[in-house]
Each structure stands twice: as structure tokens, then as C-alpha cells.
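Okay, upload05.csv is below, CSV, C-alpha atoms:
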chain,number,residue,atom,x,y,z
A,25,MET,CA,-6.2,149.7,-56.6
A,26,THR,CA,-4.8,150.1,-60.1
A,27,ASN,CA,-4.6,153.6,-61.6
A,28,PRO,CA,-7.2,153.9,-64.4
A,29,ALA,CA,-4.9,156.2,-66.5
A,30,PHE,CA,-2.3,153.4,-66.5
A,31,ILE,CA,-4.8,150.8,-67.6
A,32,ALA,CA,-6.0,153.1,-70.4
A,33,SER,CA,-2.5,153.8,-71.6
A,34,VAL,CA,-1.4,150.2,-71.6
A,35,SER,CA,-4.6,148.9,-73.3
A,36,LEU,CA,-4.3,151.5,-76.1
A,37,GLU,CA,-0.7,150.8,-77.0
A,38,PRO,CA,-0.5,148.9,-80.3
A,39,TRP,CA,1.0,145.5,-80.7
A,40,LEU,CA,3.9,145.7,-83.2
A,41,THR,CA,5.3,143.1,-85.6
A,42,LYS,CA,9.0,142.0,-85.4
A,43,SER,CA,9.9,144.3,-88.2
A,44,GLU,CA,8.1,147.3,-86.7
A,45,ILE,CA,9.7,146.8,-83.3
A,46,ALA,CA,13.1,146.4,-84.8
A,47,HIS,CA,12.7,149.6,-86.7
A,48,LYS,CA,11.5,151.6,-83.7
A,49,LEU,CA,14.4,150.3,-81.5
A,50,GLY,CA,17.0,150.7,-84.2
A,51,ILE,CA,18.0,147.0,-84.2
A,52,SER,CA,17.8,144.2,-86.7
A,53,THR,CA,15.0,141.6,-86.7
A,54,ARG,CA,17.6,139.0,-85.9
A,55,THR,CA,18.5,140.9,-82.7
A,56,VAL,CA,14.9,141.1,-81.7
A,57,VAL,CA,14.8,137.3,-81.8
A,58,ARG,CA,18.2,136.9,-80.2
A,59,LEU,CA,17.3,139.2,-77.2
A,60,ARG,CA,14.0,137.3,-76.7
A,61,LEU,CA,12.2,140.6,-76.2
A,62,PRO,CA,8.9,140.3,-74.2
A,63,HIS,CA,6.1,139.5,-76.6
A,64,MET,CA,2.7,137.8,-77.0
A,65,GLN,CA,1.9,135.3,-79.7
A,66,VAL,CA,-1.1,136.3,-81.8
A,67,GLY,CA,-2.2,134.2,-84.7
A,68,GLY,CA,1.1,132.3,-84.7
A,69,GLN,CA,3.2,135.4,-84.8
A,70,ASN,CA,5.0,137.3,-82.1
A,71,ARG,CA,3.7,140.8,-81.3
A,72,TYR,CA,5.6,143.4,-79.2
A,73,ARG,CA,4.7,146.5,-77.2
A,74,LEU,CA,7.2,149.3,-77.5
A,75,SER,CA,7.1,150.3,-73.9
A,76,GLU,CA,7.7,146.7,-72.7
A,77,CYS,CA,10.6,146.3,-75.1
A,78,GLU,CA,12.2,149.6,-74.2
A,79,ARG,CA,12.0,148.7,-70.5
A,80,PHE,CA,13.5,145.3,-71.2
A,81,MET,CA,16.4,147.1,-73.1
A,82,ARG,CA,17.0,149.4,-70.2
A,83,THR,CA,16.8,146.8,-67.4
A,84,GLY,CA,17.8,143.6,-69.0
A,85,ASP,CA,14.8,141.6,-67.9
A,86,ARG,CA,11.1,141.8,-67.6
A,87,ASP,CA,11.2,142.5,-63.8
A,88,GLY,CA,14.1,145.0,-63.7
A,89,GLY,CA,17.7,144.1,-63.2
A,90,ASN,CA,20.8,143.8,-65.4
A,91,VAL,CA,21.3,145.9,-68.6
A,92,VAL,CA,21.4,144.0,-71.9
A,93,GLU,CA,24.7,144.5,-73.6
A,94,LEU,CA,24.9,144.1,-77.4
A,95,ARG,CA,28.1,142.4,-78.4
A,96,ARG,CA,29.9,142.0,-81.7
A,97,SER,CA,29.8,138.5,-83.1
A,98,PRO,CA,33.0,136.5,-82.8
A,99,GLN,CA,33.2,136.2,-86.6
A,100,GLY,CA,33.4,140.0,-86.9
A,101,ASP,CA,36.5,140.1,-84.7
A,102,GLN,CA,38.5,137.5,-86.6
A,103,ALA,CA,41.1,138.5,-89.3
A,104,ALA,CA,40.6,137.1,-92.7
Would you mind giving the structure from this file in C-alpha cells?
Amino acid sequence: MTNPAFIASVSLEPWLTKSEIAHKLGISTRTVVRLRLPHMQVGGQNRYRLSECERFMRTGDRDGGNVVELRRSPQGDQAA
């Protein structure tokens, strides 16, 4: 049987926009898209839950596993 406190905490968590989740995680909106964070599409726009995205950032996938590593772009490493 599912814990009622867990259900209440999950259902009360707000859905955030791409800009809001980027700000809370300290990453750019482009990185939000590139990482393909877990989301739900609402009214044609992606909405994110902070707890799900934080877990994804820690584990690297939606079910637990590898850590997501942010890399510099190849253009940033090239000399001009």
C-alpha cells in the first residue's frame, strides 16, 4: 500500500516552466532541453517537477543509475 504522506507531497508539488526549473537548478534553459529532464506536456508546453529533476540530475536517469556529467562544448575548447 502506498504511503498517504508520499502521495500528498507529490500531488502538492507545483509544475514548473522550463525557465523556472532552469533557475532552480542553476542551469540554462538550453541545458534543460539538452538533458531531456523528466517532464509532462501541459497545454503544448513542458512542465517539470523539481524533485524529479533533482533525482534525475543525481542518478542520470529516471529509474536510478549513472550520473549526468555536464561537459564543455567542443567550440569552447578550440583556440581562435
### Query
For A:Val66, which of A:Met81, A:Ile45, A:Leu40, A:Ile51 is the closest residue, counting all atoms listed in the file?
A:Leu40
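Among the candidate residues A:Leu36, A:Val56, A:Leu49, A:Leu61, the one lying nearest to A:Phe80 is A:Leu61, with distances computed using only C-alpha atoms.
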### Message
So the first atom is atom CA of A:Leu74 and the second is atom CA of A:Arg60; what is the distance between them in Å, to one decimal place?
### Response
13.8 Å
### Message
Measuring between all atoms listed in the file, which one of A:Gly50, A:Arg58, A:Ser43, A:Glu37 shows the shortest distance to A:Glu76?
### Response
A:Glu37
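The residue that comes closest to A:Lys42, out of A:Thr83, A:Ser75, A:Gln65, A:Asn70 and on the basis of only C-alpha atoms, is A:Asn70.
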